[in-house]
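S.K.: My file is entry_29.cif. It has mmCIF, C-alpha atoms and all ligand atoms:
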data_work
#
loop_
_atom_site.group_PDB
_atom_site.id
_atom_site.type_symbol
_atom_site.label_atom_id
_atom_site.label_comp_id
_atom_site.auth_asym_id
_atom_site.auth_seq_id
_atom_site.Cartn_x
_atom_site.Cartn_y
_atom_site.Cartn_z
ATOM 1 C CA MET Q 1216 121.232 90.748 87.188
ATOM 2 C CA HIS Q 1217 123.803 87.959 87.563
ATOM 3 C CA LYS Q 1218 123.728 86.123 90.862
ATOM 4 C CA GLY Q 1219 126.890 86.677 92.787
ATOM 5 C CA THR Q 1220 127.500 90.178 91.447
ATOM 6 C CA THR Q 1221 127.776 92.524 94.390
ATOM 7 C CA PHE Q 1222 126.074 95.881 94.459
ATOM 8 C CA GLU Q 1223 125.340 98.123 97.340
ATOM 9 C CA LYS Q 1224 121.700 97.741 98.280
ATOM 10 C CA LEU Q 1225 119.512 100.774 97.800
ATOM 11 C CA LYS Q 1226 118.302 102.290 101.030
ATOM 12 C CA ILE Q 1227 114.742 102.856 99.998
ATOM 13 C CA ALA Q 1228 111.591 104.128 101.676
ATOM 14 C CA SER Q 1229 108.073 104.427 100.365
ATOM 15 C CA PHE Q 1230 105.429 106.869 101.537
ATOM 16 C CA ASP Q 1231 101.780 107.211 100.619
ATOM 17 C CA PHE Q 1232 99.870 110.478 100.432
ATOM 18 C CA THR Q 1233 96.437 111.072 98.849
ATOM 19 C CA CYS Q 1234 95.963 107.840 96.901
ATOM 20 C CA CYS Q 1235 94.624 104.298 96.864
ATOM 21 C CA GLU Q 1236 98.018 102.659 97.571
ATOM 22 C CA GLY Q 1237 97.627 100.565 94.433
ATOM 23 C CA CYS Q 1238 101.089 101.493 93.218
ATOM 24 C CA GLN Q 1239 102.833 100.349 96.382
ATOM 25 C CA LEU Q 1240 100.777 97.186 96.219
ATOM 26 C CA GLN Q 1241 102.193 96.498 92.761
ATOM 27 C CA LEU Q 1242 105.654 96.208 94.306
ATOM 28 C CA ALA Q 1243 104.458 93.672 96.824
ATOM 29 C CA ASN Q 1244 102.764 91.683 94.039
ATOM 30 C CA ARG Q 1245 104.332 89.403 91.431
ATOM 31 C CA GLU Q 1246 105.666 86.898 93.888
ATOM 32 C CA SER Q 1247 107.770 85.183 91.215
ATOM 33 C CA THR Q 1248 110.232 88.099 91.263
ATOM 34 C CA LEU Q 1249 109.610 89.553 94.703
ATOM 35 C CA THR Q 1250 112.520 87.960 96.544
ATOM 36 C CA ASP Q 1251 115.029 88.851 93.781
ATOM 37 C CA PHE Q 1252 113.670 92.387 93.801
ATOM 38 C CA LEU Q 1253 113.908 92.706 97.567
ATOM 39 C CA ASP Q 1254 117.490 91.400 97.399
ATOM 40 C CA LEU Q 1255 118.412 94.679 95.688
ATOM 41 C CA LEU Q 1256 116.861 96.811 98.386
ATOM 42 C CA ASP Q 1257 117.439 97.765 101.978
ATOM 43 C CA ILE Q 1258 113.871 98.616 102.946
ATOM 44 C CA ARG Q 1259 113.969 101.407 105.531
ATOM 45 C CA ASN Q 1260 110.313 102.325 105.577
ATOM 46 C CA PHE Q 1261 107.549 100.676 103.559
ATOM 47 C CA ARG Q 1262 104.455 99.819 105.502
ATOM 48 C CA GLU Q 1263 103.008 97.438 102.912
ATOM 49 C CA ILE Q 1264 106.121 95.269 103.048
ATOM 50 C CA SER Q 1265 107.664 95.698 106.495
ATOM 51 C CA SER Q 1266 106.663 96.895 109.958
ATOM 52 C CA GLU Q 1267 110.155 98.341 110.537
ATOM 53 C CA GLN Q 1268 110.526 102.117 110.269
ATOM 54 C CA HIS Q 1269 113.857 103.896 109.887
ATOM 55 C CA ASN Q 1270 114.441 107.501 108.946
ATOM 56 C CA ASP Q 1271 117.696 107.035 107.050
ATOM 57 C CA TYR Q 1272 117.086 106.351 103.369
ATOM 58 C CA ASP Q 1273 118.516 107.531 100.076
ATOM 59 C CA ILE Q 1274 115.616 106.913 97.761
ATOM 60 C CA ALA Q 1275 112.063 107.943 98.602
ATOM 61 C CA LEU Q 1276 109.142 106.667 96.554
ATOM 62 C CA ILE Q 1277 106.279 109.119 96.868
ATOM 63 C CA GLU Q 1278 102.905 107.661 96.074
ATOM 64 C CA GLY Q 1279 99.836 109.865 95.793
ATOM 65 C CA SER Q 1280 99.113 113.524 95.321
ATOM 66 C CA ILE Q 1281 99.004 116.297 97.902
ATOM 67 C CA SER Q 1282 95.690 117.596 99.207
ATOM 68 C CA ARG Q 1283 96.208 118.621 102.860
ATOM 69 C CA PRO Q 1284 98.564 121.078 104.625
ATOM 70 C CA ASP Q 1285 100.045 118.342 106.842
ATOM 71 C CA GLU Q 1286 100.956 116.403 103.692
ATOM 72 C CA VAL Q 1287 103.000 119.370 102.472
ATOM 73 C CA GLU Q 1288 105.056 119.420 105.684
ATOM 74 C CA ARG Q 1289 105.552 115.662 105.640
ATOM 75 C CA LEU Q 1290 106.659 115.730 102.016
ATOM 76 C CA GLN Q 1291 109.108 118.560 102.628
ATOM 77 C CA ALA Q 1292 110.697 116.586 105.475
ATOM 78 C CA ILE Q 1293 111.086 113.554 103.198
ATOM 79 C CA ARG Q 1294 112.649 115.789 100.530
ATOM 80 C CA ARG Q 1295 115.271 116.973 103.047
ATOM 81 C CA GLN Q 1296 116.295 113.375 103.750
ATOM 82 C CA ALA Q 1297 116.100 111.776 100.297
ATOM 83 C CA LYS Q 1298 118.931 111.982 97.796
ATOM 84 C CA THR Q 1299 116.563 110.812 95.074
ATOM 85 C CA LEU Q 1300 112.869 111.565 95.321
ATOM 86 C CA VAL Q 1301 110.662 109.585 92.964
ATOM 87 C CA ALA Q 1302 107.124 110.575 91.971
ATOM 88 C CA PHE Q 1303 105.691 107.093 92.005
ATOM 89 C CA GLY Q 1304 102.542 106.522 89.978
ATOM 90 C CA THR Q 1305 100.106 108.773 88.184
ATOM 91 C CA CYS Q 1306 98.685 110.464 91.304
ATOM 92 C CA ALA Q 1307 102.180 111.602 92.236
ATOM 93 C CA CYS Q 1308 103.271 112.520 88.695
ATOM 94 C CA PHE Q 1309 100.138 114.335 87.539
ATOM 95 C CA GLY Q 1310 97.593 114.529 90.369
ATOM 96 C CA GLY Q 1311 95.743 111.517 88.973
ATOM 97 C CA VAL Q 1312 92.095 110.689 89.539
ATOM 98 C CA ASN Q 1313 92.183 112.754 92.739
ATOM 99 C CA SER Q 1314 92.424 115.868 90.570
ATOM 100 C CA LEU Q 1315 88.847 115.375 89.440
ATOM 101 C CA LYS Q 1316 87.723 117.026 92.653
ATOM 102 C CA ASN Q 1317 89.529 120.235 91.635
ATOM 103 C CA ARG Q 1318 86.664 120.835 89.226
ATOM 104 C CA PHE Q 1319 84.135 121.284 92.020
ATOM 105 C CA SER Q 1320 83.610 123.539 95.002
ATOM 106 C CA LEU Q 1321 85.358 121.681 97.819
ATOM 107 C CA ASN Q 1322 83.001 123.099 100.447
ATOM 108 C CA GLU Q 1323 79.951 121.871 98.579
ATOM 109 C CA LEU Q 1324 81.564 118.502 97.983
ATOM 110 C CA ALA Q 1325 82.426 118.088 101.666
ATOM 111 C CA VAL Q 1326 78.817 118.804 102.696
ATOM 112 C CA GLU Q 1327 77.494 116.379 100.102
ATOM 113 C CA VAL Q 1328 79.922 113.512 100.709
ATOM 114 C CA TYR Q 1329 80.640 113.883 104.458
ATOM 115 C CA PRO Q 1330 77.551 115.608 105.899
ATOM 116 C CA GLY Q 1331 78.058 116.919 109.451
ATOM 117 C CA MET Q 1332 81.789 116.091 109.475
ATOM 118 C CA GLU Q 1333 84.748 118.396 109.440
ATOM 119 C CA VAL Q 1334 86.836 117.714 106.366
ATOM 120 C CA GLU Q 1335 90.275 119.168 105.855
ATOM 121 C CA THR Q 1336 91.014 119.042 102.167
ATOM 122 C CA GLY Q 1337 92.356 121.394 99.532
ATOM 123 C CA LEU Q 1338 93.038 121.495 95.839
ATOM 124 C CA VAL Q 1339 95.000 118.472 94.661
ATOM 125 C CA LYS Q 1340 98.608 119.059 93.653
ATOM 126 C CA LYS Q 1341 101.086 116.798 91.930
ATOM 127 C CA ILE Q 1342 104.326 116.218 93.822
ATOM 128 C CA SER Q 1343 106.426 118.500 91.617
ATOM 129 C CA GLU Q 1344 104.224 121.444 92.616
ATOM 130 C CA VAL Q 1345 105.445 121.053 96.197
ATOM 131 C CA VAL Q 1346 109.024 119.734 96.061
ATOM 132 C CA LYS Q 1347 111.714 118.977 93.496
ATOM 133 C CA VAL Q 1348 111.205 115.584 91.848
ATOM 134 C CA ASP Q 1349 114.253 113.661 90.599
ATOM 135 C CA LEU Q 1350 112.497 110.870 88.762
ATOM 136 C CA SER Q 1351 108.921 110.200 87.645
ATOM 137 C CA ILE Q 1352 107.471 106.733 87.156
ATOM 138 C CA PRO Q 1353 103.955 107.071 85.754
ATOM 139 C CA GLY Q 1354 101.123 104.550 85.648
ATOM 140 C CA CYS Q 1355 97.839 103.896 87.396
ATOM 141 C CA PRO Q 1356 99.074 101.644 88.761
ATOM 142 C CA VAL Q 1357 102.793 101.561 87.958
ATOM 143 C CA ASN Q 1358 103.986 98.628 85.877
ATOM 144 C CA LYS Q 1359 105.994 96.448 88.213
ATOM 145 C CA GLU Q 1360 108.286 95.125 85.488
ATOM 146 C CA GLU Q 1361 109.162 98.696 84.617
ATOM 147 C CA VAL Q 1362 109.775 99.557 88.269
ATOM 148 C CA GLU Q 1363 112.027 96.522 88.660
ATOM 149 C CA ARG Q 1364 113.998 97.569 85.582
ATOM 150 C CA ILE Q 1365 114.350 101.117 86.934
ATOM 151 C CA VAL Q 1366 115.444 99.881 90.357
ATOM 152 C CA VAL Q 1367 118.143 97.738 88.702
ATOM 153 C CA SER Q 1368 119.304 100.881 86.810
ATOM 154 C CA LEU Q 1369 119.473 102.815 90.072
ATOM 155 C CA VAL Q 1370 121.388 100.033 91.822
ATOM 156 C CA THR Q 1371 123.902 99.738 88.982
ATOM 157 C CA GLY Q 1372 124.131 103.487 88.423
ATOM 158 C CA SER Q 1373 122.999 103.207 84.810
ATOM 159 C CA GLN Q 1374 120.702 105.603 83.036
ATOM 160 C CA VAL Q 1375 116.998 105.341 83.823
ATOM 161 C CA THR Q 1376 114.824 105.422 80.726
ATOM 162 C CA LEU Q 1377 111.117 105.282 79.947
ATOM 163 C CA PRO Q 1378 109.665 104.537 76.503
ATOM 164 C CA LYS Q 1379 109.416 107.738 74.457
ATOM 165 C CA TYR Q 1380 106.959 106.356 71.933
ATOM 166 C CA PRO Q 1381 103.173 106.150 72.309
ATOM 167 C CA VAL Q 1382 100.920 103.309 73.459
ATOM 168 C CA CYS Q 1383 99.807 102.729 69.828
ATOM 169 C CA ILE Q 1384 103.165 101.048 69.140
ATOM 170 C CA GLU Q 1385 102.560 98.442 71.835
ATOM 171 C CA CYS Q 1386 98.915 98.126 70.861
ATOM 172 C CA LYS Q 1387 99.705 97.510 67.180
ATOM 173 C CA ALA Q 1388 102.356 94.953 68.133
ATOM 174 C CA GLN Q 1389 99.519 92.952 69.681
ATOM 175 C CA ILE Q 1390 97.523 93.142 66.443
ATOM 176 C CA ASN Q 1391 94.574 94.790 68.212
ATOM 177 C CA THR Q 1392 91.742 96.339 66.227
ATOM 178 C CA CYS Q 1393 92.071 100.085 66.674
ATOM 179 C CA LEU Q 1394 89.310 101.434 68.897
ATOM 180 C CA PHE Q 1395 89.006 104.494 66.682
ATOM 181 C CA ASP Q 1396 87.763 102.091 64.004
ATOM 182 C CA LEU Q 1397 85.087 101.009 66.465
ATOM 183 C CA GLY Q 1398 83.979 104.621 67.012
ATOM 184 C CA GLU Q 1399 85.781 105.282 70.307
ATOM 185 C CA ILE Q 1400 88.265 107.961 71.327
ATOM 186 C CA CYS Q 1401 91.497 106.421 72.567
ATOM 187 C CA LEU Q 1402 94.417 108.453 73.925
ATOM 188 C CA GLY Q 1403 96.959 105.844 72.772
ATOM 189 C CA PRO Q 1404 98.459 108.073 70.034
ATOM 190 C CA ILE Q 1405 99.509 110.731 72.554
ATOM 191 C CA THR Q 1406 100.271 108.621 75.643
ATOM 192 C CA ARG Q 1407 103.646 107.281 76.735
ATOM 193 C CA ALA Q 1408 103.974 103.523 76.260
ATOM 194 C CA GLY Q 1409 105.257 101.120 78.896
ATOM 195 C CA CYS Q 1410 102.055 99.433 80.033
ATOM 196 C CA ASN Q 1411 102.025 97.025 77.090
ATOM 197 C CA ALA Q 1412 98.717 98.568 75.988
ATOM 198 C CA VAL Q 1413 96.918 96.706 78.716
ATOM 199 C CA CYS Q 1414 93.667 98.669 78.405
ATOM 200 C CA THR Q 1415 93.303 98.668 74.638
ATOM 201 C CA THR Q 1416 94.159 94.976 74.465
ATOM 202 C CA GLY Q 1417 91.182 94.532 76.783
ATOM 203 C CA LYS Q 1418 89.080 96.654 74.373
ATOM 204 C CA THR Q 1419 89.049 99.657 76.726
ATOM 205 C CA PRO Q 1420 90.285 102.995 75.392
ATOM 206 C CA CYS Q 1421 93.505 104.382 76.807
ATOM 207 C CA LEU Q 1422 92.813 107.247 79.212
ATOM 208 C CA GLY Q 1423 96.403 108.408 79.244
ATOM 209 C CA CYS Q 1424 97.441 107.406 82.767
ATOM 210 C CA ARG Q 1425 101.130 107.414 81.766
ATOM 211 C CA GLY Q 1426 100.974 110.998 80.525
ATOM 212 C CA PRO Q 1427 102.165 112.429 77.231
ATOM 213 C CA ALA Q 1428 104.613 110.527 75.045
ATOM 214 C CA GLU Q 1429 107.568 112.558 73.833
ATOM 215 C CA GLU Q 1430 107.132 114.682 70.725
ATOM 216 C CA ILE Q 1431 103.391 114.085 70.423
ATOM 217 C CA ASN Q 1432 101.435 115.666 67.588
ATOM 218 C CA MET Q 1433 98.466 116.978 69.545
ATOM 219 C CA ALA Q 1434 97.103 118.939 66.581
ATOM 220 C CA ALA Q 1435 96.992 115.811 64.399
ATOM 221 C CA PHE Q 1436 95.353 113.862 67.226
ATOM 222 C CA LEU Q 1437 92.638 116.491 67.699
ATOM 223 C CA GLU Q 1438 92.116 116.585 63.955
ATOM 224 C CA LEU Q 1439 91.634 112.807 63.931
ATOM 225 C CA VAL Q 1440 88.922 113.067 66.602
ATOM 226 C CA LYS Q 1441 87.215 115.823 64.620
ATOM 227 C CA GLU Q 1442 87.471 114.001 61.275
ATOM 228 C CA ARG Q 1443 85.820 110.935 62.789
ATOM 229 C CA GLY Q 1444 82.987 113.079 64.167
ATOM 230 C CA LEU Q 1445 83.637 111.887 67.726
ATOM 231 C CA SER Q 1446 82.347 113.648 70.829
ATOM 232 C CA GLU Q 1447 84.302 116.675 72.000
ATOM 233 C CA ASN Q 1448 82.850 116.192 75.441
ATOM 234 C CA ASP Q 1449 84.161 112.617 75.575
ATOM 235 C CA LEU Q 1450 87.564 113.877 74.443
ATOM 236 C CA ARG Q 1451 87.609 116.542 77.156
ATOM 237 C CA GLU Q 1452 86.611 114.031 79.856
ATOM 238 C CA LYS Q 1453 89.273 111.557 78.798
ATOM 239 C CA LEU Q 1454 92.039 114.136 78.638
ATOM 240 C CA ALA Q 1455 91.087 115.430 82.084
ATOM 241 C CA PHE Q 1456 90.696 112.044 83.760
ATOM 242 C CA TYR Q 1457 94.228 111.782 85.186
ATOM 243 C CA ASN Q 1458 95.122 115.441 84.782
ATOM 244 C CA ALA Q 1459 98.073 114.222 82.725
ATOM 245 C CA PHE Q 1460 97.606 116.486 79.700
ATOM 246 C CA GLU Q 1461 97.321 119.753 81.578
ATOM 247 C CA GLY Q 1462 98.347 122.658 79.376
ATOM 248 C CA LEU Q 1463 98.333 120.575 76.186
ATOM 249 C CA TYR Q 1464 94.684 120.992 75.341
ATOM 250 C CA GLN Q 1465 92.459 124.055 75.262
ATOM 251 C CA PRO Q 1466 88.809 123.168 74.526
HETATM 252 S S1 LIG Q 1501 98.291 106.090 90.521
HETATM 253 FE FE1 LIG Q 1501 96.409 104.851 90.518
HETATM 254 S S2 LIG Q 1501 96.978 102.915 91.514
HETATM 255 FE FE2 LIG Q 1501 98.592 104.435 91.969
HETATM 256 S S3 LIG Q 1501 97.986 105.296 93.936
HETATM 257 FE FE3 LIG Q 1501 97.120 106.634 92.345
HETATM 258 S S4 LIG Q 1501 95.025 105.840 92.010
HETATM 259 FE FE4 LIG Q 1501 96.171 104.281 93.108
HETATM 260 S S1 LIG Q 1502 93.290 101.342 70.023
HETATM 261 FE FE1 LIG Q 1502 94.272 103.167 70.822
HETATM 262 S S2 LIG Q 1502 96.340 102.523 71.307
HETATM 263 FE FE2 LIG Q 1502 95.482 100.996 69.939
HETATM 264 S S3 LIG Q 1502 96.130 101.645 67.907
HETATM 265 FE FE3 LIG Q 1502 94.097 102.503 68.265
HETATM 266 S S4 LIG Q 1502 94.484 104.543 69.063
HETATM 267 FE FE4 LIG Q 1502 96.400 103.392 69.247
HETATM 268 S S1 LIG Q 1503 96.547 101.833 78.066
HETATM 269 FE FE1 LIG Q 1503 96.620 104.003 78.654
HETATM 270 S S2 LIG Q 1503 95.299 104.158 80.467
HETATM 271 FE FE2 LIG Q 1503 95.748 101.983 80.135
HETATM 272 S S3 LIG Q 1503 97.532 101.545 81.439
HETATM 273 FE FE3 LIG Q 1503 98.303 102.085 79.402
HETATM 274 S S4 LIG Q 1503 98.693 104.292 79.484
HETATM 275 FE FE4 LIG Q 1503 97.366 103.789 81.209
#
Could I get this structure in the form of structure tokens?
M.R.:
Amino acid sequence: MHKGTTFEKLKIASFDFTCCEGCQLQLANRESTLTDFLDLLDIRNFREISSEQHNDYDIALIEGSISRPDEVERLQAIRRQAKTLVAFGTCACFGGVNSLKNRFSLNELAVEVYPGMEVETGLVKKISEVVKVDLSIPGCPVNKEEVERIVVSLVTGSQVTLPKYPVCIECKAQINTCLFDLGEICLGPITRAGCNAVCTTGKTPCLGCRGPAEEINMAAFLELVKERGLSENDLREKLAFYNAFEGLYQP
């Protein structure tokens, strides 16, 4: 954005629910752009950046998924205040790694992990299962450059866009050896780009934290895994890891 151009600052607040707070931390990182970024914002509530707390805000970033009754009430109150509610990060958009606990008996888990303690926890829900979501920014964690670009779009009132194509496009642009050719299952062909293929460039398969790309060919992807003789169990585990492909795969 050109210096000297005047825009109304966004009254923004950020709230964490069931999560690791890694997405909020991303915003406080990248010091080279932090002051320019903060210049666009009127921070009303954001405990990783400021100790001030105000209840008037227009945009609410919601980080984390929902796993307790008190979180539902808190989220509903935020929804009443916010003009734009953003599911911020994979936990918020899809349930994220927290959803793994939905596979087990919560009572048994509580006894095993917190013996002798009272634990109030329920099935993990993504934000859109509890309140209306206006905008989703996926990523575990979110990509700060993408968030900065989206915030500029919100400030200027221009359309917010995410890449529609899959991670493979970004991966190929970096001339990486495809992990399928090394005998691994990678979710790059079905996952929304925008992370610059950070995992596959580091020789780690994509686990799909950014959720499905648009117009994916799931049947062709499953056929590829089968043709290569790769493990169905590994495929199932990867697709379930962030709960981002719910409803798109029936084992
Ligand atoms: S999406 Fe990932 S980095 Fe962000 S809060 Fe959830 S677990 Fe943490
Ligand atoms: S490693 Fe993964 S992301 Fe990269 S080209 Fe192969 S399938 Fe696509
Ligand atoms: S490569 Fe896949 S798992 Fe890794 S950050 Fe990108 S979308 Fe997420």
S.K.: Taking (97.6, 104.4, 92.7) in the coordinates of the supplied file, I want to know which residues reach to within 12 Å of it, counting all atoms listed in the file; could you give the answer as a PyMOL selection string?
M.R.: chain Q and resi 1231-1242+1277-1280+1302-1313+1352-1358+1424-1425+1457
S.K.: Kindly give the distance, in Å, that separates CA of Asn1317 (chain Q) and atom S3 of ligand LIG 1503 (chain Q), rounded to a single decimal.
M.R.: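 Rounded to one decimal, the two atoms are 22.7 Å apart.
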S.K.: Just checking: using all atoms listed in the file, which residue out of Q:Phe1230, Q:Glu1288, Q:Thr1248, Q:Lys1441 ends up closest to Phe1261 (chain Q)?
M.R.: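 Of all the options, Q:Phe1230 lies closest to Phe1261 (chain Q).
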S.K.: Do a neighbour search on region 1289-1301 of chain Q at 10 Å with all atoms listed in the file, toss out local chain neighbours closer than 5 positions, and write the hits as a PyMOL selection string.
M.R.: chain Q and resi 1226-1232+1270-1278+1281+1284+1307-1308+1342-1343+1345-1352+1369
S.K.: CA of Glu1335 (chain Q) and CA of Ser1282 (chain Q) are how many Å apart?
M.R.: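 Value for the CA of Glu1335 (chain Q)-CA of Ser1282 (chain Q) distance: 8.7 Å.
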S.K.: Could I get the residue neighbourhood of ligand LIG 1503 (chain Q) at 8 Å, counting all atoms listed in the file, as JSON, numbers by chain?
M.R.: {"Q": [1354, 1355, 1356, 1382, 1402, 1403, 1406, 1407, 1408, 1409, 1410, 1411, 1412, 1413, 1414, 1415, 1419, 1420, 1421, 1422, 1423, 1424, 1425, 1426]}
S.K.: Using CA of Ile1365 (chain Q) and CA of Gln1268 (chain Q) as the two end points, give the distance in Å to one decimal.
M.R.: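 If I compute the distance from CA of Ile1365 (chain Q) to CA of Gln1268 (chain Q), I get 23.7 Å.
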S.K.: Any residue with an atom at most 8 Å from ligand LIG 1502 (chain Q) counts, using all atoms listed in the file. Which are they? Put them as a list in words.
M.R.: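 Those residues are Pro1381, Val1382, Cys1383, Ile1384, Glu1385, Cys1386, Lys1387, Asn1391, Thr1392, Cys1393, Leu1394, Phe1395, Asp1396, Ile1400, Cys1401, Leu1402, Gly1403, Pro1404, Ala1412, Thr1415, Thr1416, Lys1418, Pro1420 and Cys1421 of chain Q.
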